[in-house]
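Here is the file query33.pdb (PDB, C-alpha atoms).
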MODEL        1
ATOM      1  CA  MET A 243      -0.474  58.304   5.436
ATOM      2  CA  THR A 244      -3.877  57.272   6.784
ATOM      3  CA  ASP A 245      -4.185  55.283   9.989
ATOM      4  CA  LYS A 246      -5.008  51.627   9.583
ATOM      5  CA  PRO A 247      -8.503  50.605  10.675
ATOM      6  CA  SER A 248      -8.500  48.689  13.936
ATOM      7  CA  LEU A 249      -9.284  44.978  14.024
ATOM      8  CA  ASP A 250      -9.905  42.775  17.052
ATOM      9  CA  ILE A 251      -8.802  39.200  16.359
ATOM     10  CA  LEU A 252     -10.206  36.410  18.508
ATOM     11  CA  LEU A 253      -7.913  33.411  18.178
ATOM     12  CA  CYS A 254      -9.653  30.126  18.953
ATOM     13  CA  ALA A 255      -7.951  27.777  21.397
ATOM     14  CA  PRO A 256      -7.652  24.910  20.874
ATOM     15  CA  ARG A 257      -6.935  25.034  17.142
ATOM     16  CA  GLY A 258      -4.579  23.396  14.675
ATOM     17  CA  PHE A 259      -2.636  20.166  15.099
ATOM     18  CA  CYS A 260      -4.229  17.389  17.117
ATOM     19  CA  ALA A 261      -2.273  14.559  18.749
ATOM     20  CA  GLY A 262      -2.993  12.145  15.875
ATOM     21  CA  VAL A 263      -1.717  14.558  13.221
ATOM     22  CA  ASP A 264       1.323  15.471  15.311
ATOM     23  CA  ARG A 265       2.140  11.774  15.714
ATOM     24  CA  ALA A 266       1.746  11.028  11.989
ATOM     25  CA  ILE A 267       4.050  13.870  10.921
ATOM     26  CA  GLN A 268       6.599  12.809  13.565
ATOM     27  CA  ILE A 269       6.565   9.264  12.184
ATOM     28  CA  VAL A 270       7.472  10.496   8.683
ATOM     29  CA  ASP A 271      10.121  12.897  10.046
ATOM     30  CA  LEU A 272      11.750  10.256  12.255
ATOM     31  CA  ALA A 273      11.623   7.610   9.508
ATOM     32  CA  LEU A 274      13.474  10.010   7.195
ATOM     33  CA  LYS A 275      16.096  10.619   9.894
ATOM     34  CA  LYS A 276      16.523   6.931  10.689
ATOM     35  CA  TYR A 277      16.329   5.357   7.225
ATOM     36  CA  GLY A 278      17.085   8.273   4.886
ATOM     37  CA  ALA A 279      15.191   9.165   1.719
ATOM     38  CA  PRO A 280      13.087   7.960   0.123
ATOM     39  CA  VAL A 281      10.336   7.116   2.578
ATOM     40  CA  TYR A 282       7.100   6.194   0.820
ATOM     41  CA  VAL A 283       3.802   7.486   2.219
ATOM     42  CA  ARG A 284       0.506   6.020   1.065
ATOM     43  CA  HIS A 285      -1.916   8.937   0.608
ATOM     44  CA  GLU A 286      -1.264  12.407   2.057
ATOM     45  CA  ILE A 287      -0.006  11.789   5.594
ATOM     46  CA  VAL A 288      -2.465  14.498   6.714
ATOM     47  CA  HIS A 289      -4.744  16.696   4.629
ATOM     48  CA  ASN A 290      -2.580  19.801   4.358
ATOM     49  CA  LYS A 291      -0.594  20.795   1.259
ATOM     50  CA  PHE A 292       1.930  22.864   3.247
ATOM     51  CA  VAL A 293       2.753  19.905   5.510
ATOM     52  CA  VAL A 294       2.895  17.439   2.600
ATOM     53  CA  ASP A 295       5.127  19.728   0.518
ATOM     54  CA  GLY A 296       7.481  20.196   3.494
ATOM     55  CA  LEU A 297       7.847  16.441   3.956
ATOM     56  CA  ARG A 298       8.237  15.923   0.209
ATOM     57  CA  ALA A 299      11.139  18.383   0.250
ATOM     58  CA  LYS A 300      12.830  16.228   2.919
ATOM     59  CA  GLY A 301      12.507  13.073   0.794
ATOM     60  CA  ALA A 302       9.033  11.666   1.411
ATOM     61  CA  VAL A 303       7.412  10.209  -1.724
ATOM     62  CA  PHE A 304       3.619  10.280  -1.678
ATOM     63  CA  VAL A 305       1.641   7.624  -3.549
ATOM     64  CA  GLU A 306      -2.044   6.749  -3.639
ATOM     65  CA  GLU A 307      -1.578   2.977  -3.930
ATOM     66  CA  LEU A 308       1.172   0.519  -3.010
ATOM     67  CA  LYS A 309       1.450  -0.586  -6.654
ATOM     68  CA  GLU A 310       3.143   2.773  -7.365
ATOM     69  CA  ILE A 311       6.078   1.776  -5.128
ATOM     70  CA  PRO A 312       8.966   0.012  -6.905
ATOM     71  CA  GLU A 313       9.263  -3.754  -6.443
ATOM     72  CA  GLY A 314      11.964  -4.902  -4.037
ATOM     73  CA  THR A 315      12.407  -1.574  -2.255
ATOM     74  CA  ASP A 316      13.654  -1.729   1.308
ATOM     75  CA  ALA A 317      12.510   1.840   1.971
ATOM     76  CA  PRO A 318       9.868   2.210   4.685
ATOM     77  CA  VAL A 319       6.232   2.577   3.642
ATOM     78  CA  ILE A 320       4.005   4.673   5.915
ATOM     79  CA  PHE A 321       0.202   4.522   6.076
ATOM     80  CA  SER A 322      -1.496   7.906   6.593
ATOM     81  CA  ALA A 323      -3.231   9.152   9.735
ATOM     82  CA  HIS A 324      -6.641   8.430   8.167
ATOM     83  CA  GLY A 325      -6.214   4.654   8.355
ATOM     84  CA  VAL A 326      -6.367   1.976   5.659
ATOM     85  CA  ALA A 327      -8.446  -1.046   4.719
ATOM     86  CA  ARG A 328      -7.152  -4.421   5.941
ATOM     87  CA  SER A 329      -6.194  -5.287   2.358
ATOM     88  CA  VAL A 330      -3.437  -2.627   2.390
ATOM     89  CA  PRO A 331      -1.149  -4.075   5.113
ATOM     90  CA  ALA A 332      -1.953  -7.541   3.689
ATOM     91  CA  GLU A 333      -0.621  -6.404   0.300
ATOM     92  CA  ALA A 334       2.430  -4.831   1.976
ATOM     93  CA  ARG A 335       3.211  -8.092   3.769
ATOM     94  CA  HIS A 336       2.725 -10.038   0.539
ATOM     95  CA  ARG A 337       5.331  -7.776  -1.115
ATOM     96  CA  ASN A 338       7.695  -8.056   1.885
ATOM     97  CA  MET A 339       7.488  -4.308   2.514
ATOM     98  CA  PHE A 340       8.623  -2.753   5.771
ATOM     99  CA  TYR A 341       5.697  -0.577   6.794
ATOM    100  CA  LEU A 342       4.905   1.825   9.621
ATOM    101  CA  ASP A 343       1.297   2.570  10.502
ATOM    102  CA  ALA A 344       0.624   6.250  11.245
ATOM    103  CA  THR A 345      -3.139   5.708  11.625
ATOM    104  CA  CYS A 346      -4.507   7.955  14.377
ATOM    105  CA  PRO A 347      -5.158   5.773  17.464
ATOM    106  CA  LEU A 348      -8.690   7.207  17.642
ATOM    107  CA  VAL A 349      -9.360   5.946  14.103
ATOM    108  CA  THR A 350      -7.876   2.571  15.041
ATOM    109  CA  LYS A 351     -10.326   2.524  17.988
ATOM    110  CA  VAL A 352     -13.224   2.819  15.513
ATOM    111  CA  HIS A 353     -11.750  -0.017  13.410
ATOM    112  CA  VAL A 354     -11.553  -2.231  16.516
ATOM    113  CA  GLU A 355     -15.152  -1.344  17.486
ATOM    114  CA  ALA A 356     -16.424  -2.252  14.007
ATOM    115  CA  GLN A 357     -14.579  -5.585  14.065
ATOM    116  CA  ARG A 358     -15.842  -6.403  17.569
ATOM    117  CA  HIS A 359     -19.455  -5.644  16.608
ATOM    118  CA  ALA A 360     -19.122  -7.794  13.499
ATOM    119  CA  GLU A 361     -17.739 -10.671  15.586
ATOM    120  CA  ASP A 362     -20.781 -10.277  17.853
ATOM    121  CA  GLY A 363     -22.985 -10.770  14.795
ATOM    122  CA  HIS A 364     -24.132  -7.163  14.330
ATOM    123  CA  ASP A 365     -24.567  -5.393  11.013
ATOM    124  CA  ILE A 366     -22.662  -2.098  11.162
ATOM    125  CA  VAL A 367     -23.944   1.404  10.419
ATOM    126  CA  LEU A 368     -21.168   3.932   9.710
ATOM    127  CA  ILE A 369     -21.941   7.664   9.755
ATOM    128  CA  GLY A 370     -19.438   9.393   7.479
ATOM    129  CA  HIS A 371     -18.595  10.943   4.103
ATOM    130  CA  ARG A 372     -18.388   8.633   1.101
ATOM    131  CA  GLY A 373     -14.948   8.571  -0.490
ATOM    132  CA  HIS A 374     -13.119  10.045   2.502
ATOM    133  CA  PRO A 375      -9.953   7.994   3.211
ATOM    134  CA  GLU A 376     -11.023   7.357   6.794
ATOM    135  CA  VAL A 377     -14.383   5.964   5.676
ATOM    136  CA  ILE A 378     -12.714   3.799   3.020
ATOM    137  CA  GLY A 379     -10.365   2.455   5.705
ATOM    138  CA  THR A 380     -13.139   1.727   8.218
ATOM    139  CA  MET A 381     -15.399   0.049   5.651
ATOM    140  CA  GLY A 382     -12.379  -1.966   4.529
ATOM    141  CA  GLN A 383     -12.044  -3.590   7.952
ATOM    142  CA  LEU A 384     -14.923  -5.925   7.165
ATOM    143  CA  PRO A 385     -16.218  -7.928   4.171
ATOM    144  CA  PRO A 386     -18.275  -6.022   1.546
ATOM    145  CA  GLY A 387     -21.882  -5.486   2.572
ATOM    146  CA  LYS A 388     -21.208  -5.756   6.295
ATOM    147  CA  ILE A 389     -21.093  -1.952   6.788
ATOM    148  CA  THR A 390     -23.761   0.467   5.536
ATOM    149  CA  LEU A 391     -22.753   4.124   5.122
ATOM    150  CA  ILE A 392     -25.133   6.843   6.337
ATOM    151  CA  GLU A 393     -24.281  10.368   5.137
ATOM    152  CA  THR A 394     -27.427  12.387   5.865
ATOM    153  CA  VAL A 395     -30.507  12.504   8.097
ATOM    154  CA  GLU A 396     -32.502  11.404   5.032
ATOM    155  CA  ASP A 397     -30.250   8.332   4.727
ATOM    156  CA  ALA A 398     -30.954   7.550   8.380
ATOM    157  CA  GLU A 399     -34.703   7.932   7.804
ATOM    158  CA  THR A 400     -34.796   5.632   4.766
ATOM    159  CA  PHE A 401     -32.219   3.024   5.816
ATOM    160  CA  ALA A 402     -33.744  -0.459   5.601
ATOM    161  CA  PRO A 403     -31.530  -2.954   7.461
ATOM    162  CA  ARG A 404     -31.639  -6.689   7.030
ATOM    163  CA  ASP A 405     -32.206  -7.176  10.772
ATOM    164  CA  PRO A 406     -33.445  -4.006  12.551
ATOM    165  CA  ASP A 407     -32.793  -5.499  16.005
ATOM    166  CA  ASN A 408     -29.191  -6.402  15.326
ATOM    167  CA  LEU A 409     -27.373  -3.157  14.497
ATOM    168  CA  ALA A 410     -24.282  -1.367  15.794
ATOM    169  CA  LEU A 411     -23.161   2.200  15.086
ATOM    170  CA  VAL A 412     -19.713   3.696  14.485
ATOM    171  CA  THR A 413     -18.799   7.107  13.045
ATOM    172  CA  GLN A 414     -16.035   8.886  11.196
ATOM    173  CA  THR A 415     -13.924  10.834  13.713
ATOM    174  CA  THR A 416     -13.989  14.235  11.940
ATOM    175  CA  LEU A 417     -17.709  14.921  11.489
ATOM    176  CA  SER A 418     -19.938  17.791  12.565
ATOM    177  CA  VAL A 419     -20.986  17.024  16.128
ATOM    178  CA  ASP A 420     -24.463  18.515  15.555
ATOM    179  CA  ASP A 421     -25.095  16.775  12.213
ATOM    180  CA  THR A 422     -23.992  13.450  13.639
ATOM    181  CA  SER A 423     -26.209  13.859  16.714
ATOM    182  CA  ALA A 424     -29.210  14.443  14.426
ATOM    183  CA  MET A 425     -28.499  11.225  12.496
ATOM    184  CA  VAL A 426     -27.908   9.250  15.689
ATOM    185  CA  MET A 427     -31.252  10.484  17.085
ATOM    186  CA  VAL A 428     -33.089   9.262  13.972
ATOM    187  CA  LEU A 429     -31.364   5.871  14.057
ATOM    188  CA  LYS A 430     -32.009   5.397  17.780
ATOM    189  CA  SER A 431     -35.686   6.336  17.406
ATOM    190  CA  ARG A 432     -36.126   3.918  14.471
ATOM    191  CA  PHE A 433     -33.966   1.127  15.892
ATOM    192  CA  PRO A 434     -34.106   1.262  19.711
ATOM    193  CA  ASN A 435     -31.822  -1.774  20.061
ATOM    194  CA  ILE A 436     -28.977  -0.274  18.005
ATOM    195  CA  SER A 437     -25.660  -0.503  19.844
ATOM    196  CA  VAL A 438     -24.014   2.942  20.008
ATOM    197  CA  PRO A 439     -20.523   3.816  21.327
ATOM    198  CA  ALA A 440     -20.375   4.597  25.052
ATOM    199  CA  LYS A 441     -18.479   7.732  24.005
ATOM    200  CA  GLU A 442     -18.953   9.265  20.566
ATOM    201  CA  ASP A 443     -16.414   8.265  17.945
ATOM    202  CA  ILE A 444     -15.996  11.909  16.894
ATOM    203  CA  CYS A 445     -12.552  12.673  18.274
ATOM    204  CA  TYR A 446     -11.808  15.066  21.124
ATOM    205  CA  ALA A 447      -9.937  17.461  18.796
ATOM    206  CA  THR A 448     -12.797  17.750  16.288
ATOM    207  CA  THR A 449     -15.279  18.335  19.119
ATOM    208  CA  ASN A 450     -13.077  20.903  20.890
ATOM    209  CA  ARG A 451     -12.379  22.885  17.714
ATOM    210  CA  GLN A 452     -16.073  22.999  16.835
ATOM    211  CA  GLU A 453     -16.992  24.140  20.345
ATOM    212  CA  ALA A 454     -14.368  26.916  20.136
ATOM    213  CA  VAL A 455     -15.852  28.172  16.851
ATOM    214  CA  LYS A 456     -19.372  28.067  18.319
ATOM    215  CA  ALA A 457     -18.151  30.299  21.163
ATOM    216  CA  VAL A 458     -16.256  32.783  18.967
ATOM    217  CA  ALA A 459     -18.310  33.024  15.750
ATOM    218  CA  PRO A 460     -21.314  34.930  17.218
ATOM    219  CA  LYS A 461     -18.934  37.605  18.572
ATOM    220  CA  VAL A 462     -17.134  38.460  15.311
ATOM    221  CA  ASP A 463     -17.897  39.934  11.870
ATOM    222  CA  ALA A 464     -15.978  37.225  10.020
ATOM    223  CA  MET A 465     -14.418  33.836  10.663
ATOM    224  CA  ILE A 466     -11.354  32.313   8.972
ATOM    225  CA  VAL A 467     -10.585  28.611   9.159
ATOM    226  CA  VAL A 468      -7.005  27.856   8.160
ATOM    227  CA  GLY A 469      -7.062  24.431   6.544
ATOM    228  CA  ALA A 470      -7.396  22.403   3.372
ATOM    229  CA  PRO A 471     -10.497  21.882   1.207
ATOM    230  CA  ASN A 472     -10.032  18.097   1.378
ATOM    231  CA  SER A 473      -9.806  18.200   5.189
ATOM    232  CA  SER A 474     -13.131  17.032   6.611
ATOM    233  CA  ASN A 475     -12.604  18.588  10.030
ATOM    234  CA  SER A 476     -11.613  21.954   8.487
ATOM    235  CA  MET A 477     -14.708  22.092   6.257
ATOM    236  CA  ARG A 478     -16.912  21.249   9.243
ATOM    237  CA  LEU A 479     -15.431  24.251  11.113
ATOM    238  CA  VAL A 480     -16.500  26.556   8.258
ATOM    239  CA  GLU A 481     -20.042  25.159   8.487
ATOM    240  CA  VAL A 482     -20.090  25.517  12.270
ATOM    241  CA  GLY A 483     -19.068  29.183  11.905
ATOM    242  CA  GLU A 484     -21.894  29.823   9.437
ATOM    243  CA  ARG A 485     -24.487  28.117  11.626
ATOM    244  CA  ALA A 486     -23.308  30.030  14.690
ATOM    245  CA  GLY A 487     -24.363  33.225  12.922
ATOM    246  CA  CYS A 488     -21.131  34.579  11.490
ATOM    247  CA  ARG A 489     -21.952  36.334   8.198
ATOM    248  CA  VAL A 490     -18.569  35.512   6.636
ATOM    249  CA  SER A 491     -17.108  32.081   7.441
ATOM    250  CA  VAL A 492     -14.447  30.953   4.978
ATOM    251  CA  LEU A 493     -11.624  28.468   4.519
ATOM    252  CA  VAL A 494      -8.159  29.651   3.484
ATOM    253  CA  GLN A 495      -5.170  27.402   2.922
ATOM    254  CA  ARG A 496      -2.734  30.229   3.648
ATOM    255  CA  ALA A 497      -2.508  34.042   3.639
ATOM    256  CA  GLU A 498      -2.121  34.352  -0.131
ATOM    257  CA  ASP A 499      -5.613  32.812  -0.559
ATOM    258  CA  ILE A 500      -7.416  35.557   1.392
ATOM    259  CA  ASP A 501     -10.104  37.325  -0.655
ATOM    260  CA  TRP A 502      -9.688  40.795   0.812
ATOM    261  CA  GLU A 503     -13.015  42.040  -0.579
ATOM    262  CA  GLN A 504     -14.741  39.830   2.003
ATOM    263  CA  PHE A 505     -12.946  41.586   4.854
ATOM    264  CA  GLY A 506     -13.122  45.260   3.842
ATOM    265  CA  ASP A 507     -15.504  46.540   6.509
ATOM    266  CA  ILE A 508     -14.901  44.246   9.477
ATOM    267  CA  SER A 509     -13.878  45.334  12.948
ATOM    268  CA  SER A 510     -13.609  41.868  14.482
ATOM    269  CA  LEU A 511     -12.307  38.551  13.158
ATOM    270  CA  GLY A 512     -12.242  35.012  14.493
ATOM    271  CA  ILE A 513      -9.410  32.687  13.421
ATOM    272  CA  THR A 514      -9.087  28.953  13.928
ATOM    273  CA  ALA A 515      -7.284  26.112  12.174
ATOM    274  CA  GLY A 516      -8.222  22.580  11.217
ATOM    275  CA  ALA A 517      -6.513  19.699  13.002
ATOM    276  CA  SER A 518      -3.977  19.215  10.186
ATOM    277  CA  ALA A 519      -3.007  22.889   9.750
ATOM    278  CA  PRO A 520       0.316  24.030  11.267
ATOM    279  CA  GLU A 521       0.449  27.077  13.550
ATOM    280  CA  SER A 522       2.888  28.813  11.175
ATOM    281  CA  LEU A 523       0.024  29.246   8.679
ATOM    282  CA  VAL A 524      -2.167  30.827  11.374
ATOM    283  CA  GLU A 525       0.650  33.273  12.167
ATOM    284  CA  GLU A 526       0.993  34.019   8.442
ATOM    285  CA  VAL A 527      -2.717  34.927   8.250
ATOM    286  CA  ILE A 528      -2.481  37.177  11.321
ATOM    287  CA  GLU A 529       0.559  38.945   9.809
ATOM    288  CA  ALA A 530      -1.345  39.509   6.547
ATOM    289  CA  PHE A 531      -4.162  41.225   8.476
ATOM    290  CA  ALA A 532      -1.607  43.214  10.515
ATOM    291  CA  GLU A 533      -0.348  44.754   7.253
ATOM    292  CA  ARG A 534      -3.811  46.166   6.533
ATOM    293  CA  PHE A 535      -5.255  46.690  10.013
ATOM    294  CA  SER A 536      -4.093  47.747  13.432
ATOM    295  CA  VAL A 537      -4.677  44.385  15.089
ATOM    296  CA  ASN A 538      -5.362  43.455  18.671
ATOM    297  CA  VAL A 539      -5.117  39.688  19.195
ATOM    298  CA  GLU A 540      -6.943  37.987  22.037
ATOM    299  CA  ILE A 541      -6.969  34.236  22.652
ATOM    300  CA  ALA A 542     -10.374  32.671  23.342
ATOM    301  CA  VAL A 543      -9.743  29.485  25.336
ATOM    302  CA  THR A 544     -12.635  27.016  25.498
ATOM    303  CA  ALA A 545     -10.716  23.808  26.351
ATOM    304  CA  GLU A 546      -7.244  22.616  27.313
ATOM    305  CA  GLU A 547      -5.592  19.765  25.422
ATOM    306  CA  ASN A 548      -2.651  17.745  26.715
ATOM    307  CA  ILE A 549      -3.065  14.464  24.834
ATOM    308  CA  ALA A 550      -0.109  12.773  23.127
ATOM    309  CA  PHE A 551       0.100   9.407  21.389
ATOM    310  CA  ASN A 552       3.052   7.019  21.322
ATOM    311  CA  ILE A 553       4.903   6.520  18.069
ATOM    312  CA  PRO A 554       5.888   3.021  16.831
ATOM    313  CA  ARG A 555       8.514   1.319  18.998
ATOM    314  CA  VAL A 556      10.990   1.046  16.116
ATOM    315  CA  LEU A 557      11.187   4.878  16.025
ATOM    316  CA  ARG A 558      10.821   5.574  19.729
ATOM    317  CA  GLN A 559      14.521   5.469  20.577
ATOM    318  CA  LEU A 560      15.203   8.100  17.939
ATOM    319  CA  GLU A 561      12.337  10.228  19.268
ATOM    320  CA  GLU A 562      13.759  10.091  22.795
ATOM    321  CA  ALA A 563      17.209  11.028  21.518
ATOM    322  CA  SER A 564      15.759  14.025  19.700
ATOM    323  CA  GLY A 565      14.135  15.219  22.924
ATOM    324  CA  HIS A 566      10.453  14.984  21.960
TER     325      HIS A 566
ENDMDL
END

Now that the file is in, can you turn its structure into structure tokens?
Amino acid sequence: MTDKPSLDILLCAPRGFCAGVDRAIQIVDLALKKYGAPVYVRHEIVHNKFVVDGLRAKGAVFVEELKEIPEGTDAPVIFSAHGVARSVPAEARHRNMFYLDATCPLVTKVHVEAQRHAEDGHDIVLIGHRGHPEVIGTMGQLPPGKITLIETVEDAETFAPRDPDNLALVTQTTLSVDDTSAMVMVLKSRFPNISVPAKEDICYATTNRQEAVKAVAPKVDAMIVVGAPNSSNSMRLVEVGERAGCRVSVLVQRAEDIDWEQFGDISSLGITAGASAPESLVEEVIEAFAERFSVNVEIAVTAEENIAFNIPRVLRQLEEASGH
């Protein structure tokens, strides 16, 4: 039997679940414990099939719109971590639904900023990806036409506002830090009076995970991001790996998705995970490589995270009893 080739694995830290994702999953778990199945969840609670399937197995029912939920149900309805337009809780109240809001507090912060700027009379510029649930939710905080979406540097260069001296900027929380900075620079140079956030809206977890990949990617032959294709922050990590000079930078949802032809001649590998990917899937990927290589795993720490967000009061007693 031939010896396995050796492989040095650099494991990015931080990686995986952020505080907002952890909180959202806890809300569904605790609601199931407190109220029993079914618990309805509007949109995937977080963008990860493994997580969603696990909650579905416990009794969570995922829907895209509230109209899919039976009339007269007293089961809880949970809004996903990505946030929702104001029309969604309004519809829930109109239907006398009991709802729990699992929106990440950092997304809620952006919603509040947008509303405050609108109240101050500003027109809002939102940097983000069209169609992403978070963008739909943020744009839905204000009347149609009050927020303009900017997706690219070209958009920023050609944007023609109604009042160039009366603009305010907010961003999606899961964007590429570098791409967003480029768009912000264009907007600030064109509209010097634009009001920008004191601290970028891109969340701490997105920023930290991108910085970790920037540090690791130049040192390895290949980079794996464990995450989902519909996860904005996961896809940005793949792009960051490519730009940092890693010749192979790919997304895998779990070990069974690995295209082994891409990893035949590597001697070093970087691994990270998007903010909605559980650590068990990272371990699964490492084990898959350990079957084919003699692996040496080293953790590359670029930041420490100790942030936690409170869950809704109605579930807090149960959380304390469960020892979280």

Evaluating the PyMOL selection byres ((chain A and resi 478) around 10) on the displayed file yields which residues, as JSON, numbers by chain? {"A": [416, 417, 418, 419, 421, 448, 451, 452, 467, 473, 474, 475, 476, 477, 479, 480, 481, 482, 483, 484, 516]}

On this file, the PyMOL selection byres ((chain A and resi 397) around 12) gives some set of residues; write that set as a ChimeraX atom specification. /A:367-371,390-396,398-403,424-426,428-429

As an exercise, work out the distance from CA of Leu253 (chain A) to CA of Ile541 (chain A) in Å and give it to one decimal place. 4.6 Å

Find the residues of region 434-477 of chain A that sit at most 12 Å from region 336-360 of chain A; for each, write down the nearest two atoms and how far apart they are in Å, to one decimal. Count all atoms listed in the file. Sort by chain, then by number going up, and give it as CSV.
residue,atom,partner,partner_atom,distance
A:Ile436,CA,A:His359,CA,11.0
A:Ser437,CA,A:His359,CA,8.7
A:Val438,CA,A:Glu355,CA,10.2
A:Pro439,CA,A:Glu355,CA,8.4
A:Ala440,CA,A:Glu355,CA,10.9
A:Lys441,CA,A:Val352,CA,11.1
A:Glu442,CA,A:Val352,CA,10.0
A:Asp443,CA,A:Val352,CA,6.8
A:Ile444,CA,A:Leu348,CA,8.7
A:Cys445,CA,A:Leu348,CA,6.7
A:Tyr446,CA,A:Leu348,CA,9.1
A:Ala447,CA,A:Leu348,CA,10.4
A:Thr448,CA,A:Leu348,CA,11.4

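Non-sequential neighbours of Cys254 (chain A) (distance at most 7 Å, separation of 5 or more positions within a chain, all atoms listed in the file) are A:Ala454, A:Val455, A:Ile513, A:Thr514, A:Ile541, A:Ala542, A:Val543.
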
For this file, the PyMOL selection byres ((chain A and resi 266) around 8) selects which residues, as a ChimeraX atom specification? /A:262-265,267-270,287-288,322-323,344-346

Could those selected residues go to a file with C-alpha atoms, as a PDB file, in the frame of the given file?
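The file below, again_6.pdb, is the result:
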ATOM      1  CA  GLY A 262      -2.993  12.145  15.875  1.00  0.00           C
ATOM      2  CA  VAL A 263      -1.717  14.558  13.221  1.00  0.00           C
ATOM      3  CA  ASP A 264       1.323  15.471  15.311  1.00  0.00           C
ATOM      4  CA  ARG A 265       2.140  11.774  15.714  1.00  0.00           C
ATOM      5  CA  ILE A 267       4.050  13.870  10.921  1.00  0.00           C
ATOM      6  CA  GLN A 268       6.599  12.809  13.565  1.00  0.00           C
ATOM      7  CA  ILE A 269       6.565   9.264  12.184  1.00  0.00           C
ATOM      8  CA  VAL A 270       7.472  10.496   8.683  1.00  0.00           C
ATOM      9  CA  ILE A 287      -0.006  11.789   5.594  1.00  0.00           C
ATOM     10  CA  VAL A 288      -2.465  14.498   6.714  1.00  0.00           C
ATOM     11  CA  SER A 322      -1.496   7.906   6.593  1.00  0.00           C
ATOM     12  CA  ALA A 323      -3.231   9.152   9.735  1.00  0.00           C
ATOM     13  CA  ALA A 344       0.624   6.250  11.245  1.00  0.00           C
ATOM     14  CA  THR A 345      -3.139   5.708  11.625  1.00  0.00           C
ATOM     15  CA  CYS A 346      -4.507   7.955  14.377  1.00  0.00           C
TER      16      CYS A 346
END

Measure the distance from CA of Arg298 (chain A) to CA of Phe259 (chain A) in Å and round it to one decimal. 18.9 Å

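For the pair CA of His285 (chain A) and CA of Ile549 (chain A), the separation is 24.9 Å.
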
Taking all listed atoms of region 484-498 of chain A, build the axis-aligned box, pad each of the six sides by 6 Å, then write its centre and edge lengths in Å to one decimal as AutoDock Vina command-line options.
--center_x -13.3 --center_y 31.9 --center_z 7.3 --size_x 34.4 --size_y 20.9 --size_z 26.8

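The shortest atom-to-atom distance to Ile500 (chain A), with all atoms listed in the file taken into account, belongs to A:Glu526 out of A:Asp362, A:Glu521, A:Glu546, A:Glu526.
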
Skip region 534-536 of chain A itself and residues of its chain fewer than 2 positions away, then list as JSON, numbers by chain all residues within 9 Å of it, counting all atoms listed in the file. {"A": [245, 246, 247, 248, 249, 250, 530, 531, 532, 538]}

Nearest to Glu453 (chain A), restricted to all atoms listed in the file and choosing among A:Glu333, A:Lys309, A:Thr544, A:Gly387, comes out as A:Thr544

Tell me which of A:Ile251, A:Leu308, A:Leu411, A:Leu384 sits closest to Val330 (chain A), counting only C-alpha atoms. A:Leu308

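Distance annotation: of A:Val539, A:Ala334, A:Leu252, A:Leu557, the residue with the minimal separation from Ala464 (chain A) is A:Leu252; atom set is only C-alpha atoms.
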
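With distances taken over all atoms listed in the file, A:Val462 is the one residue among A:Val462, A:Ala550, A:Glu525, A:Asn472 lying closest to Leu511 (chain A).
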
Among A:Ile366, A:Ile553, A:Ala279, A:Leu493, Ala519 (chain A) is approached most closely, using only C-alpha atoms, by A:Leu493

Within 9 Å of (11.1, 1.1, 4.0), all atoms listed in the file: residues as a PyMOL selection string? chain A and resi 273+277+280-282+315-320+339-342
